Amino acid sequence: MLGYREEEKIFKRNFVCPSNFPWKNVIAQLVFSAILEYNVTKGQLIKSIKENIIDVPLDFLRILVPSLLYLVQNTLLYVALSNLSAPLFQVTYQTKVLTTALVSVVMLNRRYSFKQWVCLFFLGIGVAVVLLGESHANQSSEETEEADADAEEKEESDKPEQSLFIGLVSVLIACLSSALAGVYFEKVLKKSTKNEFGKERPPVSVWMRNFQLAFFSVVIAIGQYTTLSGDEAEKPFLFGFNSTVWVLCLLQAGGGLLVAAVIKYADNVLKGLATGVSVIVSSACAVVLFGTALGVQFLAGAFIILASVYFFANDLPTCLTGKESGSKKEDIEMKPLVLPK
């Protein structure tokens with residue numbers, strides 16, 4: 001989250017071409033995944049590539065599905081941002097928590113209790129409250145630093161006409177694409193595969209799957225880079241890449257590897273819970289590092305997030321339910337079903 005905030009500041013100052021930034025991340029992620037796979041296989045990286053890519057091309061091509069879905073998601077997010085105000089976008093984008101849970105129920109046969117659905121709903125509300133409070137604070141600070149009123153008026157007049165309907169549809173489809181990509185990737189990570197002889201073998205390592213995903217992402221990013229036009233096409237390949245930008249690339253790549261590990265050993269819904277907590281942590285760090293002012297709205301949102309995360313995995317107090325905690329039925333409902341082989 002801190003990397004995202006700094007990335008946004010760099011883009012606004014035109015230090016780096018935004019279209020160059022994402023695919024530098026996936027190249028770094030590709031390299032990191034190869035290094036980790038090399039370490040896991042004890043130096044047998046080439047053999048692992050042969051067994052998991054060359055010998056089973058159809059299984060390898062399955063990873064193209066989440067890559068394309070992530071491409072659709074990122075494209076639609078740009079459309080949504082260009083048609084919605086920042087507060088409205090931040091609120092509507094939190095529906096991805098609920099869409100991820102719904103897709104998990106359909107694709108992975110998971111089951112969640114009514115209490116957990118309520119917690120997921122309020123988790124999205126809490127994240128939206130925190131982000132809205134922070135965006136208002138950033139907006140007020142930017143307005144005080146704005147010196148050229150004529151330039152600001154010109155910028156406002158140059159903004160294209162916005163469509164609320166297109167923006168809402170775009171962000172909802174982006175949330176669904178994100179949920180489908182994440183849950184499908186989780187299913188591929190946890191499901192056993194077959195070798196070239198048709199015999200079942202253990203699931204492919206998370207680092208090899210991440211290597212495959214990064215490979216397709218690099219191919220897609222190169223295709224996007226070759227179709228650039230306008231001012232971005234005239235900029236050099238590494239335009240504006242200083243030490244700060246390279247650090248951000250490494251942070252983004254490392255974050256992608258951690259997300260894959262969380263999906264492998266937990267699930268997408270728990271990843272969403274962790275992301276909600278990370279909003280609080282990053283906002284608290286922003287106070288120390290950037291002097292961001294946080295008010296009552298942040299505290300209220302943080303309380304909602306922490307309460308939602310806690311009660312998602314724990315029983316409600318007996319004073320609220322009137323039942324004894326730890327009943328067998330509740331425990332069964334709170335644990336997602338094991339993915340069928």
# chains A, B, ... in the order shown; residues from 1 in each chain; ligands from 1

call {"tool": "residues_around", "arguments": {"residues": "segment 117-119 of chain A", "least_positions_apart": "4", "cutoff": "6 Å", "atoms": "only C-alpha atoms", "output": "list in words"}}
result
Leu123, Ser308 and Phe312 of chain A

call {"tool": "atom_distance", "arguments": {"atom1": "atom CA of Ile35 of chain A", "atom2": "atom CA of Val204 of chain A"}}
result
15.8 Å
